[in-house]
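Trainee: Let me begin by handing over the structure; questions about it come next.
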Amino acid sequence: MLRRPPEKTINRKQMNTRLLCAMTLAPLTLIACSDSSDRPSTPPAVACSGTAVTPERLFLQQVGSDRAIIKWRGNTDGGAEADAVCFGTEMDFLDEDSLTAAEVTATGHSEALLQGLTPDTTYYYSVGGAGSAQAQHSFRTAPEAGQLPADGNIRLWIVGDSGVNSQENEYQGGADLVRDGYLAWVNENGGEPADLFLMLGDNAYPEGTDVQHQIAVFDTYPDILSSTGLWPTIGNHEMGFFGASTSSDPDSFSAPQGGEPDPAPDSPMPYLNIHTLPTNGEAGGVGSGTEQYYSFDYGSVHVVSLDSQLAVRDPASREAMLQWVTDDLAANTSDWTVVIFHHPPYTKGSHDSDKILGGIDQPIFDMREQFTPVFDEYGVDLVYSGHSHIYERSFYIGGHTGLAATFDPATNAELNDAGQPASGQGDEEYTQVTRNGTDDKVVYTVAGNGGKATDVADSFPHPAHFFGGLVIGSVVVDAAESSLTARFIDDNGEVLDSFTINR
């Protein structure tokens, strides 16, 4: 006798599902209707199983809308260095599928390139590949090009000549004070962290060695660097020789006599060994083909970093950089454009933009005479420099390439209703398109006071400047949809100067 196979037990939910299918589908398609219990289940996600490592230096580079580089070196516990990271959008669960191996450079830096990220999203990461992350080991990707993040604002923190912590003198610790003043202001004004950290050169004194970078950069800003993308520019002290080098060749970096030697370099210049900067337009903008100068997009903000220390000193290299920045700005469609480089075109601080100083300050003249007309023509909004250990901020100016005595407010500055240079404050806020109907004015700021404020020239202030102060501090720029506001914040967390540009 044939036996019927035992009937499969069907629960009430399955029965209702099958009845619904039978009533709603044509007979010929009934075979396509089945309950989810017959389908293979998705395997549960598995967390990474590595061990978290705390590197001696940890920083983020090229944080964009869909990519970021996590870079590190060393292990504070003295054990093996990490060779991978895990990352994800949940701090307490990093999926093993996210495990990303790092490449190791000649100087022993490990860097992991994270790709395929979602714009305007917070990611957590573990150096060493643990299954969870510390809160400070996180970053937020940029919004898509041309867009604003969900909070409607892009914040830049700008610091210049902050390398004092690596040099034992009366200014040591000044960068700590500036950092703490900035953080105090942030905490008292909504707590919004910076999206970008821009350094204006002379980031490590006095010769910009790897050891000095460790003290002045990585030991000074550890929590900021682990959560905010770092974008630097080259200063004179990045070339060693106590900041007095006039060479255009990065291979001529002059290490100090004695002291600890740097690791075996990719090139003699530690700045170029430490940073991984875009060369082929991978972060937006036009590719420059060199890490000495570059550009990138962060949402609605376009940032250009120029090399006023090396490339500008050689005629052929200077012409190449000038042509590149012209092409880059011509292709730029961002709402806001910020340019950074070390040597300020207009200053009467510890350096004087009317004096070459034995060739050390020749780049000041080259940048003013050859590059500022390009900024005027292609709608640059802000230019930030360091070098002069003071805070100085210009009016909204254009068309001035000469010495200070040739500055004419009537022709070079945006004027208020009384015919005087407008301040950028209150009812004298600037407009991106000025009264003459063109976008041909720029605000120039000298922020070489990120760790020390040393001196002013006899002819201080420069006639192009609205504000100047012999005080340490940093700059916060907030870029929104229709307005951009820049603030100078001193080491006490007080705003001493500000201006707004409206679109």
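Ordering of the structure tokens sets the chain letters (A, B, ...), residue numbers begin anew at 1 in every chain, and ligands are numbered from 1 in the order given.
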For the contact check between range 328-353 of chain A and range 125-148 of chain A, emit one row per residue of range 328-353 of chain A within 12 Å, containing the shortest atom pair and the distance in Å rounded to one decimal, counting only C-alpha atoms, chain then rising number order, as CSV.
Mentor:
residue,atom,partner,partner_atom,distance
A:Asn332,CA,A:Gly146,CA,10.3
A:Thr333,CA,A:Gly146,CA,7.8
A:Ser334,CA,A:Gly146,CA,5.8
A:Asp335,CA,A:Gly146,CA,7.2
A:Trp336,CA,A:Gly146,CA,9.6
A:Thr337,CA,A:Gly146,CA,11.6
Trainee: Using only C-alpha atoms, which residues of range 303-402 of chain A come within 8 Å of range 232-235 of chain A, and what is the closest atom pair for each, with the distance in Å to one decimal? Give it as CSV, sorted by chain and residue number.
Mentor:
residue,atom,partner,partner_atom,distance
A:Ser305,CA,A:Thr233,CA,5.9
A:Leu306,CA,A:Thr233,CA,6.8
A:Asp307,CA,A:Ile234,CA,5.9
A:Ser308,CA,A:Ile234,CA,7.2
A:Gln309,CA,A:Gly235,CA,6.0
A:Ile340,CA,A:Thr233,CA,7.0
A:Phe341,CA,A:Thr233,CA,5.9
A:His342,CA,A:Gly235,CA,5.3
A:His343,CA,A:Gly235,CA,7.7
A:His387,CA,A:Gly235,CA,7.4
Trainee: Which residues come within 10 Å of range 320-322 of chain A, counting only C-alpha atoms, excluding same-chain residues fewer than 6 positions away, as a PyMOL selection string?
Mentor: chain A and resi 288+290+292-294+306-308+311-312+314+328+367+370-371+374
Trainee: Could you please take those selected residues and save C-alpha atoms as a PDB file, in the first residue's frame?
Mentor:
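Once everything was written out, this is out-v5.pdb:
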ATOM      1  CA  SER A 288      47.664  69.502 -10.884  1.00  0.00           C
ATOM      2  CA  THR A 290      51.810  67.445  -8.041  1.00  0.00           C
ATOM      3  CA  GLN A 292      52.851  70.826  -3.999  1.00  0.00           C
ATOM      4  CA  TYR A 293      49.605  72.480  -5.103  1.00  0.00           C
ATOM      5  CA  TYR A 294      46.123  71.073  -5.592  1.00  0.00           C
ATOM      6  CA  LEU A 306      48.980  76.994  -3.906  1.00  0.00           C
ATOM      7  CA  ASP A 307      52.712  76.541  -3.349  1.00  0.00           C
ATOM      8  CA  SER A 308      54.191  79.959  -2.619  1.00  0.00           C
ATOM      9  CA  ALA A 311      56.961  76.336  -7.296  1.00  0.00           C
ATOM     10  CA  VAL A 312      56.720  80.112  -7.316  1.00  0.00           C
ATOM     11  CA  ASP A 314      61.268  78.884 -10.499  1.00  0.00           C
ATOM     12  CA  ASP A 328      41.044  75.189 -12.312  1.00  0.00           C
ATOM     13  CA  MET A 367      51.858  86.080  -5.656  1.00  0.00           C
ATOM     14  CA  GLN A 370      50.860  87.480 -10.970  1.00  0.00           C
ATOM     15  CA  PHE A 371      48.218  85.550  -9.043  1.00  0.00           C
ATOM     16  CA  VAL A 374      43.543  85.650 -11.598  1.00  0.00           C
TER      17      VAL A 374
END
Trainee: Which residues are near range 228-230 of chain A? Cut-off 7 Å, only C-alpha atoms, ignore same chain within fewer than 3 positions. Put them as an MDAnalysis selection string.
Mentor: chainID A and resid 60:63 139 194:198 224:225
Trainee: Go ahead and save the residues from that selection, with N, CA and C atoms, as a PDB file, in the first residue's frame.
Mentor:
ATOM      1  N   LEU A  60      43.155  62.124   8.923  1.00  0.00           N
ATOM      2  CA  LEU A  60      42.300  61.873   7.766  1.00  0.00           C
ATOM      3  C   LEU A  60      42.711  62.788   6.622  1.00  0.00           C
ATOM      4  N   GLN A  61      42.691  62.228   5.411  1.00  0.00           N
ATOM      5  CA  GLN A  61      43.006  63.026   4.225  1.00  0.00           C
ATOM      6  C   GLN A  61      41.991  62.730   3.126  1.00  0.00           C
ATOM      7  N   GLN A  62      41.773  63.740   2.281  1.00  0.00           N
ATOM      8  CA  GLN A  62      40.917  63.599   1.108  1.00  0.00           C
ATOM      9  C   GLN A  62      39.520  63.074   1.454  1.00  0.00           C
ATOM     10  N   VAL A  63      38.938  63.598   2.523  1.00  0.00           N
ATOM     11  CA  VAL A  63      37.571  63.219   2.861  1.00  0.00           C
ATOM     12  C   VAL A  63      36.638  63.896   1.865  1.00  0.00           C
ATOM     13  N   PHE A 139      34.115  60.260  11.073  1.00  0.00           N
ATOM     14  CA  PHE A 139      34.134  61.416  10.185  1.00  0.00           C
ATOM     15  C   PHE A 139      32.821  61.454   9.428  1.00  0.00           C
ATOM     16  N   ALA A 194      34.192  71.351  12.875  1.00  0.00           N
ATOM     17  CA  ALA A 194      34.658  71.748  11.547  1.00  0.00           C
ATOM     18  C   ALA A 194      34.504  70.594  10.570  1.00  0.00           C
ATOM     19  N   ASP A 195      34.190  70.915   9.327  1.00  0.00           N
ATOM     20  CA  ASP A 195      34.171  69.930   8.240  1.00  0.00           C
ATOM     21  C   ASP A 195      35.548  69.813   7.599  1.00  0.00           C
ATOM     22  N   LEU A 196      36.320  70.914   7.627  1.00  0.00           N
ATOM     23  CA  LEU A 196      37.637  70.957   7.003  1.00  0.00           C
ATOM     24  C   LEU A 196      38.612  71.633   7.959  1.00  0.00           C
ATOM     25  N   PHE A 197      39.833  71.116   8.007  1.00  0.00           N
ATOM     26  CA  PHE A 197      40.901  71.726   8.804  1.00  0.00           C
ATOM     27  C   PHE A 197      42.003  72.140   7.836  1.00  0.00           C
ATOM     28  N   LEU A 198      42.168  73.466   7.656  1.00  0.00           N
ATOM     29  CA  LEU A 198      43.149  74.009   6.730  1.00  0.00           C
ATOM     30  C   LEU A 198      44.334  74.561   7.514  1.00  0.00           C
ATOM     31  N   ILE A 224      40.943  66.276  16.776  1.00  0.00           N
ATOM     32  CA  ILE A 224      40.461  66.956  15.568  1.00  0.00           C
ATOM     33  C   ILE A 224      40.920  66.196  14.333  1.00  0.00           C
ATOM     34  N   LEU A 225      42.164  65.759  14.312  1.00  0.00           N
ATOM     35  CA  LEU A 225      42.712  65.069  13.144  1.00  0.00           C
ATOM     36  C   LEU A 225      42.076  63.704  12.927  1.00  0.00           C
TER      37      LEU A 225
END
Trainee: So that I can check the secondary structure, give me every residue of range 300-503 of chain A assigned strand (DSSP E or B) by backbone DSSP, as a count of residues only.
Mentor: 62
Trainee: Closest to Asp361 in chain A among A:Leu310, A:Leu114, A:Ala68, A:Ala464, using only C-alpha atoms?
Mentor: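 Answer, going by the shortest atom-to-atom distance: A:Leu310.
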Trainee: Give the answer as one residue: which of A:His237, A:Arg503, A:Arg393, A:His302 has the shortest atom-to-atom distance to Tyr346 in chain A, using only C-alpha atoms?
Mentor: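 The shortest atom-to-atom distance to Tyr346 in chain A comes from A:Arg393.
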Trainee: Would you kindly return, as an MDAnalysis selection string, each protein, DNA or RNA residue with an atom no farther than 10 Å from any atom of Phe218 in chain A, considering only C-alpha atoms and excluding same-chain residues fewer than 5 positions away?
Mentor: chainID A and resid 56:59 212:213 223:226
Trainee: Kindly indicate which residue among A:Asn169, A:Asn502, A:Ser474, A:Thr51 lies nearest to Gly79 in chain A, using only C-alpha atoms for the distances.
Mentor: A:Thr51
Trainee: Smallest atom-to-atom distance to Asn449 in chain A: which of A:Val380, A:Ala244, A:Leu99, A:Met199, using only C-alpha atoms?
Mentor: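 Checking each candidate against Asn449 in chain A, we get A:Met199 as the closest.
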Trainee: With distances taken over only C-alpha atoms, which residue among A:Asp376, A:Asp151, A:Asp266, A:Asp327 lies nearest Val433 in chain A?
Mentor: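 Closest candidate: A:Asp376.
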Trainee: To one decimal in Å, tell me the separation between CA of Ser423 in chain A and CA of Phe460 in chain A.
Mentor: 18.2 Å
Trainee: Any idea what the distance is between CA of Gln425 in chain A and CA of Tyr378 in chain A?
Mentor: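 Atom-to-atom, CA of Gln425 in chain A and CA of Tyr378 in chain A are spaced 24.2 Å apart.
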